[in-house]
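Here is the structure we will look at, set down as structure tokens.
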Amino acid sequence: MSSSPNVDPWVVLKFGGTSVSSRARWDNIGRISADRAREARVLVVVSALSGVTNELQAIAQGDANASTRVAALEQRHRAFVRELQLDDEAVLGARLADLHALINDDRASHRPYDWQAEVLSQGELLSSTIGAAYLAAQGHDFGWCDARDWLSAIDMPNQSDWARRLSVNCHRSSDDAWREGFDAQPNRLLITQGFIARHEDGGTAILGRGGSDTSAAYFGALLDAARVEIWTDVPGMFSANPREVPDARLLARLDYAEAQEIATTGAKVLHPRSIGPCRDARVPMAILDTERLDLAGTRIDASATTVPGVKAISRRNGIVLVSMESIGMWQQVGFLADVFDRFRRHGLSVDLIGSSETNVTVSLDPSENLMNTDVLSRLSEDLAQVCRVKVIAPCAAITLVGRGMRSMLHKLSGVWATFGQERVHLISQSSNDLNLTFVVDEVDADGLIPSLHAELIRSGAMPVREAGVFGPSWRGICEEEPMPVEKWWRTRQDILLERAKLGTPRYVYHLPTLRAQAAKLNDIKAVDRRYFAIKANSHPRLLQELHALGFGLECVSGAEVERVFEAVPGIDPERLLFTPSFAPRGEYEAVLARGVQITLDNLEALQNWPDVFRGRSIWLRIDLGRGDGHHAKVVTGGAESKFGLPLSRLDDFLAAARAIDVRVVGLHAHLGSGIESPAHWAGVHAELATLADGIGTVQTLDIGGGLPIPYLPDDGEFDLAGWSNALEEVKAAFPRYAIAIEPGRFLVAQCGVLLATATQVVEKDGVRRVGLDAGMNTLIRPALYDAWHDIRNLSRLSDTAEIDFDVVGPICESSDVFGHARGLPATTAEGDVMLIADAGAYGYSMASFYNLRALPEEEVLE
């Protein structure tokens with residue numbers, strides 16, 4: 001690359017169709033360009049007005065109403081120029097005459113590619129002409145130039161005739177003559193066209209999809225620009241499609257390789273072809289929003305910090321899979337060469353590849369191939385000469401992108417579990433360790449992205465706490481962020497520090513928070529019976545408080561039943577529910593003797609112990625054939641789960657029950673914990689109600705628990721209003737059944753904290769660790785479920801100078817880690833009191849003597 005000495009640098013600004021389709025947007029372009037002109041000369045690259053290229057595409061492909069379409073395009077452009085208070089004939093007369101001439105050209109009857117290219121180029125020529133006239137009229141020093149004078153197409157090997165004219169690549173390095181010629185243009189600000197270039201025969205060539213982005217990148221490389229800015233209607237690349245996933249995070253900084261993968265695998269905001277020229281020329285890129293000028297957007301350059309983890313999840317529709325099978329391919333020299341040569345002959349570029357001893361399956365991406373039924377039929381006929389062919393379409397490719405994907409596999413158990421529920425045709429991991437792709441039927445991909453995105457955050461595979469990489473959520477940009485959840489322990493620092501002096505590890509429970517959570521559920525009018533799942537926390541004082549607040553108590557062992565009777569003397573046995581899994585016969589006998597309502601979840605108990613249940617009224621736990629939850633280990637439905645009677649055995653269970661005079665008066669289904677969709681429980685209720693109608697003796701439907709709480713600092717509260725509305729709707733549809741719930745964590749998690757003392761602060765190979773006197777024996781959730789808990793240095797709560805620490809315990813296990821890369825005061829030292837938040841559920845109740853460490857203490861604050 002050569003550059004002229006002693007000349008100002010260039011900044012290239014690209015504006016898409018929505019950014020050039022209104023007067024207000026052109027005013028923005030003028031302001032942005034004038035601002036950039038204070039530091040550099042400015043080249044503005046524009047697309048056609050929104051929707052115009054589609055109209056021109058129809059004309060180029062021989063639409064019978066071409067004349068009508070041209071007339072409508074003329075009317076739209078003239079009206080827009082008049083709206084800009086310009087003379088439409090003076091500005092557009094010559095351009096529109098060229099368009100009409102093309103429609104009447106002799107070539108229009110047989111539509112050669114060179115004619116199609118000229119037709120397709122008219123949108124950008126019209127929009128850039130309008131923009132140059134308007135911006136100059138507004139007092140900006142704008143000139144107009146024809147991109148075809150400066151961008152020249154190159155002939156690539158193995159290109160089809162279509163690609164050589166309508167999807168070209170261009171030269172991306174300039175010589176002194178080119179640069180001197182471009183720099184010699186008199187205006188400080190220039191406007192030109194995206195999407196078009198000069199063909200080697202001197203005619204027009206088209207850059208294809210994403211051509212305007214790519215044009216800007218070519219100009220950036222040729223000019224050795226200070227940067228290329230892509231201005232669009234969203235503020236950058238996101239961790240998922242923000243219109244599908246409102247909680248998707250803005251990707252603030254990426255290196256070229258990650259940006260390339262994200263763009264290639266589905267992000268529409270930047271075309272993947274545009275990154276290569278800037279990467280090779282080391283020209284920084286930025287993606288910015290024309291309506292949100294204050295947002296920094298996404299920056300892409302070579303100096304971005306490398307942070308391992310999944311940066312984005314994306315989806316591409318319309319994927320075609322071609323499965324080729326032949327016993328003769330095993331160790332056959334040249335078989336793949338023969339196969340791929342056939343793809344080349346038909347002008348098709350292969351994307352993903354999967355192979356086995358007798359099968360090779362590849363994917364074809366419609367964004368990079370001209371695919372129609374004829375092309376695929378001819379390909380299949382050709383391939384059939386060497387193998388058996390099966391075409392699978394339409395499919396969707398769902399891709400996780402980020403550096404260090406192989407090191408993330410252990411955190412993707414929830415992702416694997418989610419895909420395990422769907423039919424996966426192909427799994428592909430890139431050799432550069434930047435992506436992992438799953439190909440499924442397109443219909444099965446609907447709704448997957450939001451749940452997968454949430455799972456990636458929950459598991460820590462997507463490191464959203466890395467402020468240098470991740471910015472605000474789309475919801476936070478467009479709406480108000482969820483109100484942060486007030487943490488009671490922030491106002492009780494002194495009291496908690498005093499309690500810590502009595503000894504740690506120590507669980508402390510805050511009764512006002514417990515009461516507040518209980519009140520939220522008591523306000524849900526559609527619910528008739530509320531049971532607290534005491535496995536979450538069986539502290540006697542909490543059980544007494546919940547009983548006083550009107551909650552029943554749900555137990556899963558005989559010992560839990562006895563704990564209730566000890567903690568709440570005189571409690572009505574009907575306020576208890578016994579819902580065990582694989583409990584011994586003696587527990588059922590003892591609990592029934594107490595007069596407690598029991599739940600069965602298998603046929604064998606009735607068959608093997610008929611005398612235990614004869615003449616009883618029971619509840620029945622059903623497996624609805626699926627499960628859900630924040631981690632694979634809390635999914636409690638589906639064939640892999642030990643819980644619940646399968647639907648296929650319901651008739652057999654009812655027959656066995658009738659034989660010993662057992663009445664099924666309640667149906668129960670709990671599919672998992674941490675489920676965030678309010679509609680989930682309504683769906684469970686509707687399914688249970690349908691089953692109950694067929695049984696005839698059911699009075700109560702138990703829809704389980706599993707309500708989530710906001711563990712992450714910027715999580716919002718669970719949508720209780722939406723949950724209540726969903727339950728009210730199904731209650732109105734099935735008024736004959738009472739609704740029961742059995743939450744655990746929702747009631748007690750936030751009321752409890754774990755206090756621990758820092759034992760050592762150690763640095764090893766650049767990783768700082770703070771050790772605690774609490775370990776996985778004290779709080780096992782992080783080790784067992786990859787659960788996230790907020791961790792704070794309670795002794796230094798006001799210190800703001802933070803650095804990253806791994807927080808670990810004293811247990812002799814690699815999984816004895818409470819959190820990785822947690823921001824804690826740099827002054828954290830031995831003896832500091834550490835607080836682990838939201839630990840009131842499944843903390844002490846799952847504690848153990850492992851390594852002969854003592855159990856933690858417990859106490860309650862009023």
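Just remember, in the structure tokens the first chain shown is A, the second B, etc., residues are 1-based per chain, and ligands are 1-based in the order shown.
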- Message: Excluding A:Glu229 and its own-chain neighbours fewer than 5 positions away, which residues fall within 8 Å of it when counting only C-alpha atoms? Please give them as a ChimeraX atom specification.
- Response: /A:11-14,285-288
- Task: DSSP on the backbone, then: every residue of stretch 393-600 of chain A marked strand (DSSP E or B), written as a ChimeraX atom specification.
- Result: /A:393-401,424-429,435-441,470-473,506-510,529-533,552-555,576-578,597-600
Take the selection from the previous step and output its residues with C-alpha atoms, as a tab-separated table (two decimals), in the first residue's frame.
```tsv
chain	number	residue	atom	x	y	z
A	393	ALA	CA	-33.99	-28.72	3.93
A	394	PRO	CA	-34.87	-26.28	5.29
A	395	CYS	CA	-32.47	-26.38	8.21
A	396	ALA	CA	-31.14	-23.85	10.67
A	397	ALA	CA	-27.53	-23.53	11.78
A	398	ILE	CA	-27.14	-22.37	15.39
A	399	THR	CA	-23.61	-21.28	16.17
A	400	LEU	CA	-21.76	-20.37	19.35
A	401	VAL	CA	-18.86	-18.00	18.64
A	424	VAL	CA	-29.46	-32.56	15.44
A	425	HIS	CA	-28.34	-33.39	11.89
A	426	LEU	CA	-24.79	-32.08	12.11
A	427	ILE	CA	-22.35	-30.76	14.74
A	428	SER	CA	-19.26	-28.88	13.58
A	429	GLN	CA	-16.43	-27.30	15.54
A	435	ASN	CA	-17.12	-21.64	16.83
A	436	LEU	CA	-19.35	-24.61	17.52
A	437	THR	CA	-22.33	-25.16	15.21
A	438	PHE	CA	-25.44	-27.33	15.49
A	439	VAL	CA	-27.67	-27.90	12.45
A	440	VAL	CA	-31.31	-28.75	13.18
A	441	ASP	CA	-34.57	-28.66	11.27
A	470	PHE	CA	-19.76	-6.71	26.86
A	471	GLY	CA	-21.81	-3.54	27.01
A	472	PRO	CA	-25.42	-2.91	28.02
A	473	SER	CA	-28.30	-5.16	27.08
A	506	ARG	CA	-22.19	-19.01	59.43
A	507	TYR	CA	-25.53	-18.81	57.66
A	508	VAL	CA	-27.66	-15.81	58.63
A	509	TYR	CA	-31.35	-15.60	57.66
A	510	HIS	CA	-33.32	-12.34	57.52
A	529	ARG	CA	-52.64	-24.10	48.22
A	530	ARG	CA	-49.08	-23.01	48.90
A	531	TYR	CA	-46.53	-25.49	50.21
A	532	PHE	CA	-42.95	-24.59	51.11
A	533	ALA	CA	-40.48	-27.22	49.90
A	552	GLY	CA	-48.22	-25.69	54.04
A	553	LEU	CA	-44.98	-27.65	54.17
A	554	GLU	CA	-43.84	-30.12	51.52
A	555	CYS	CA	-41.47	-32.89	52.63
A	576	LEU	CA	-48.26	-31.28	55.02
A	577	LEU	CA	-47.49	-32.95	51.71
A	578	PHE	CA	-45.15	-35.94	51.39
A	597	GLN	CA	-51.16	-36.43	52.26
A	598	ILE	CA	-48.76	-38.52	50.17
A	599	THR	CA	-47.71	-38.43	46.53
A	600	LEU	CA	-46.75	-41.51	44.51
```
Tell me, as an mmCIF file with C-alpha atoms, in the first residue's frame, which residues lie within 7 Å of stretch 46-58 of chain A, counting only C-alpha atoms; anything in the same chain fewer than 6 positions away does not count.
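Listing of result-v2.cif after writing:
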```cif
data_model
loop_
_atom_site.group_PDB
_atom_site.id
_atom_site.type_symbol
_atom_site.label_atom_id
_atom_site.label_comp_id
_atom_site.auth_asym_id
_atom_site.auth_seq_id
_atom_site.Cartn_x
_atom_site.Cartn_y
_atom_site.Cartn_z
ATOM 1 C CA LYS A 14 -21.137 3.795 5.484
ATOM 2 C CA PHE A 15 -24.884 4.409 5.799
ATOM 3 C CA GLY A 16 -27.455 1.743 4.972
ATOM 4 C CA GLY A 17 -30.891 1.930 3.392
ATOM 5 C CA THR A 18 -32.818 2.916 6.513
ATOM 6 C CA VAL A 20 -30.744 7.370 3.873
ATOM 7 C CA SER A 21 -34.528 7.127 3.584
ATOM 8 C CA ARG A 69 -42.173 -0.921 -10.820
ATOM 9 C CA VAL A 119 -30.141 -2.207 -13.361
ATOM 10 C CA LEU A 120 -29.124 -3.140 -9.822
ATOM 11 C CA GLY A 123 -30.497 2.426 -6.452
ATOM 12 C CA GLU A 124 -27.152 3.564 -5.091
ATOM 13 C CA SER A 127 -29.529 7.779 -3.382
ATOM 14 C CA SER A 128 -25.976 9.146 -3.558
ATOM 15 C CA THR A 192 -20.143 7.633 -3.226
ATOM 16 C CA GLN A 193 -22.041 4.399 -3.732
ATOM 17 C CA GLY A 194 -21.789 1.101 -2.017
ATOM 18 C CA SER A 212 -22.260 -1.502 0.753
#
```
- Residues near stretch 606-615 of chain A, cut-off 12 Å, only C-alpha atoms, skip fewer than 6 positions along chain, as a VMD selection string: chain A and resid 584 to 593 597 to 600 652 to 664
- Could you give me, as a list in words, the residues within 7 Å of stretch 776-785 of chain A, counting only C-alpha atoms and dropping anything in the same chain fewer than 2 positions from it?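 Residues meeting the cut-off are His631, Lys633, Ala774, Ala787, Trp788, Gly809, Ile811, Ser815, Asp816, Val817, Phe818, Gly843, Tyr844, Met846, Ala847, Ser848, Phe849, Tyr850, Leu855 and Pro856 of chain A.
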Dump N, CA and C atoms for the selected residues as a PDB file, in the first residue's frame?
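Produced file part27.pdb, reproduced below:
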```pdb
ATOM      1  N   HIS A 631     -30.087 -25.771  34.938  1.00  0.00           N
ATOM      2  CA  HIS A 631     -28.930 -26.667  34.835  1.00  0.00           C
ATOM      3  C   HIS A 631     -29.460 -28.081  34.610  1.00  0.00           C
ATOM      4  N   LYS A 633     -28.792 -30.710  36.008  1.00  0.00           N
ATOM      5  CA  LYS A 633     -29.008 -31.472  37.235  1.00  0.00           C
ATOM      6  C   LYS A 633     -30.241 -31.045  38.014  1.00  0.00           C
ATOM      7  N   ALA A 774     -14.993 -21.501  54.435  1.00  0.00           N
ATOM      8  CA  ALA A 774     -16.151 -22.242  53.918  1.00  0.00           C
ATOM      9  C   ALA A 774     -15.761 -22.874  52.596  1.00  0.00           C
ATOM     10  N   ALA A 787     -23.634 -22.879  39.839  1.00  0.00           N
ATOM     11  CA  ALA A 787     -24.492 -21.771  40.252  1.00  0.00           C
ATOM     12  C   ALA A 787     -23.670 -20.515  40.528  1.00  0.00           C
ATOM     13  N   TRP A 788     -24.263 -19.372  40.208  1.00  0.00           N
ATOM     14  CA  TRP A 788     -23.615 -18.075  40.422  1.00  0.00           C
ATOM     15  C   TRP A 788     -24.183 -17.431  41.677  1.00  0.00           C
ATOM     16  N   GLY A 809     -12.431 -22.582  48.364  1.00  0.00           N
ATOM     17  CA  GLY A 809     -12.563 -23.103  49.718  1.00  0.00           C
ATOM     18  C   GLY A 809     -11.419 -24.024  50.090  1.00  0.00           C
ATOM     19  N   ILE A 811     -11.560 -27.348  50.683  1.00  0.00           N
ATOM     20  CA  ILE A 811     -11.836 -28.760  50.429  1.00  0.00           C
ATOM     21  C   ILE A 811     -10.879 -29.291  49.357  1.00  0.00           C
ATOM     22  N   SER A 815     -13.188 -28.814  42.218  1.00  0.00           N
ATOM     23  CA  SER A 815     -14.458 -28.094  42.051  1.00  0.00           C
ATOM     24  C   SER A 815     -14.810 -27.229  43.249  1.00  0.00           C
ATOM     25  N   ASP A 816     -13.917 -27.127  44.225  1.00  0.00           N
ATOM     26  CA  ASP A 816     -14.194 -26.327  45.424  1.00  0.00           C
ATOM     27  C   ASP A 816     -13.922 -24.850  45.121  1.00  0.00           C
ATOM     28  N   VAL A 817     -14.756 -24.298  44.252  1.00  0.00           N
ATOM     29  CA  VAL A 817     -14.615 -22.915  43.800  1.00  0.00           C
ATOM     30  C   VAL A 817     -15.985 -22.244  43.884  1.00  0.00           C
ATOM     31  N   PHE A 818     -16.056 -21.106  44.558  1.00  0.00           N
ATOM     32  CA  PHE A 818     -17.308 -20.357  44.645  1.00  0.00           C
ATOM     33  C   PHE A 818     -17.500 -19.421  43.460  1.00  0.00           C
ATOM     34  N   GLY A 843     -28.412 -24.414  50.974  1.00  0.00           N
ATOM     35  CA  GLY A 843     -27.112 -24.134  51.546  1.00  0.00           C
ATOM     36  C   GLY A 843     -26.844 -25.087  52.690  1.00  0.00           C
ATOM     37  N   TYR A 844     -27.298 -24.707  53.879  1.00  0.00           N
ATOM     38  CA  TYR A 844     -27.108 -25.581  55.039  1.00  0.00           C
ATOM     39  C   TYR A 844     -27.763 -26.941  54.810  1.00  0.00           C
ATOM     40  N   MET A 846     -27.832 -28.800  52.359  1.00  0.00           N
ATOM     41  CA  MET A 846     -27.006 -29.705  51.570  1.00  0.00           C
ATOM     42  C   MET A 846     -25.575 -29.778  52.100  1.00  0.00           C
ATOM     43  N   ALA A 847     -25.333 -29.176  53.258  1.00  0.00           N
ATOM     44  CA  ALA A 847     -23.983 -29.174  53.816  1.00  0.00           C
ATOM     45  C   ALA A 847     -23.590 -30.560  54.314  1.00  0.00           C
ATOM     46  N   SER A 848     -22.270 -30.775  54.424  1.00  0.00           N
ATOM     47  CA  SER A 848     -21.780 -32.097  54.817  1.00  0.00           C
ATOM     48  C   SER A 848     -20.519 -31.960  55.674  1.00  0.00           C
ATOM     49  N   PHE A 849     -20.068 -33.094  56.194  1.00  0.00           N
ATOM     50  CA  PHE A 849     -18.835 -33.154  56.976  1.00  0.00           C
ATOM     51  C   PHE A 849     -17.640 -33.526  56.093  1.00  0.00           C
ATOM     52  N   TYR A 850     -17.749 -33.367  54.789  1.00  0.00           N
ATOM     53  CA  TYR A 850     -16.680 -33.815  53.898  1.00  0.00           C
ATOM     54  C   TYR A 850     -15.341 -33.218  54.329  1.00  0.00           C
ATOM     55  N   LEU A 855     -19.874 -28.625  60.265  1.00  0.00           N
ATOM     56  CA  LEU A 855     -21.020 -27.963  59.655  1.00  0.00           C
ATOM     57  C   LEU A 855     -21.031 -26.484  60.033  1.00  0.00           C
ATOM     58  N   PRO A 856     -21.589 -25.631  59.173  1.00  0.00           N
ATOM     59  CA  PRO A 856     -21.664 -24.205  59.510  1.00  0.00           C
ATOM     60  C   PRO A 856     -22.685 -23.950  60.615  1.00  0.00           C
TER      61      PRO A 856
END
```
- Task: Just the helix (DSSP H, G or I) stuff from stretch 225-401 of chain A, please, per backbone DSSP, written as a count of residues only.
- Result: 44
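If you measure from each of A:Tyr737, A:Phe80, A:Tyr842, A:Phe195 to A:Gly696 using only C-alpha atoms, the closest one turns out to be A:Tyr737.
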- Quick one: of A:Asn28, A:Ser814, A:Gln122, A:Ser581, who's nearest to A:Glu74, counting only C-alpha atoms?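 Closest candidate: A:Gln122.
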For stretch 245-283 of chain A against stretch 158-174 of chain A, with a cut-off of 12 Å and counting only C-alpha atoms, what is the closest atom pair and its distance in Å to one decimal for every residue that makes the cut, ordered by chain and number, as JSON lines?
```
{"residue": "A:Arg273", "atom": "CA", "partner": "A:Asn169", "partner_atom": "CA", "distance": 9.0}
{"residue": "A:Ser274", "atom": "CA", "partner": "A:Asn169", "partner_atom": "CA", "distance": 10.4}
{"residue": "A:Ile275", "atom": "CA", "partner": "A:Arg172", "partner_atom": "CA", "distance": 11.8}
{"residue": "A:Gly276", "atom": "CA", "partner": "A:Arg172", "partner_atom": "CA", "distance": 9.6}
{"residue": "A:Pro277", "atom": "CA", "partner": "A:Arg172", "partner_atom": "CA", "distance": 6.4}
{"residue": "A:Cys278", "atom": "CA", "partner": "A:Arg172", "partner_atom": "CA", "distance": 9.1}
{"residue": "A:Arg279", "atom": "CA", "partner": "A:Arg172", "partner_atom": "CA", "distance": 11.1}
{"residue": "A:Asp280", "atom": "CA", "partner": "A:Arg172", "partner_atom": "CA", "distance": 9.1}
{"residue": "A:Ala281", "atom": "CA", "partner": "A:Ser173", "partner_atom": "CA", "distance": 8.4}
{"residue": "A:Val283", "atom": "CA", "partner": "A:Arg172", "partner_atom": "CA", "distance": 12.0}
```
- Can you pull out every residue within 8 Å of stretch 111-115 of chain A, counting only C-alpha atoms, but drop anything in the same chain fewer than 3 positions away, and send it as a list in words? Ala60, Gln61, Gly62, Leu102, Arg107, Ala108, Glu118, Val119, Trp162, Arg165, Leu166, Gly203, Thr204 and Ala205 of chain A
- Query: Which residue out of A:Glu244, A:Glu83, A:Asp351, A:Asp224 has the minimum interatomic distance to A:Val322 when only C-alpha atoms are used?
  - Reply: A:Asp351
- Message: Nearest residue to A:Asp255 out of A:Arg148, A:Val469, A:Ser349, A:Val770, using only C-alpha atoms?
- Response: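 Using only C-alpha atoms, the shortest distance to A:Asp255 belongs to A:Val469.
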- Message: List as a list in words the protein and nucleic acid residues near A:Gln517, meaning an atom at most 9 Å away when only C-alpha atoms are counted, but skip any in the same chain fewer than 3 places from it.
- Response: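 The residues satisfying every condition are Pro512, Thr513, Leu514, Lys520, Leu521, Asn522, Phe746, Leu747, Val748, Gln750 and Cys751 of chain A.
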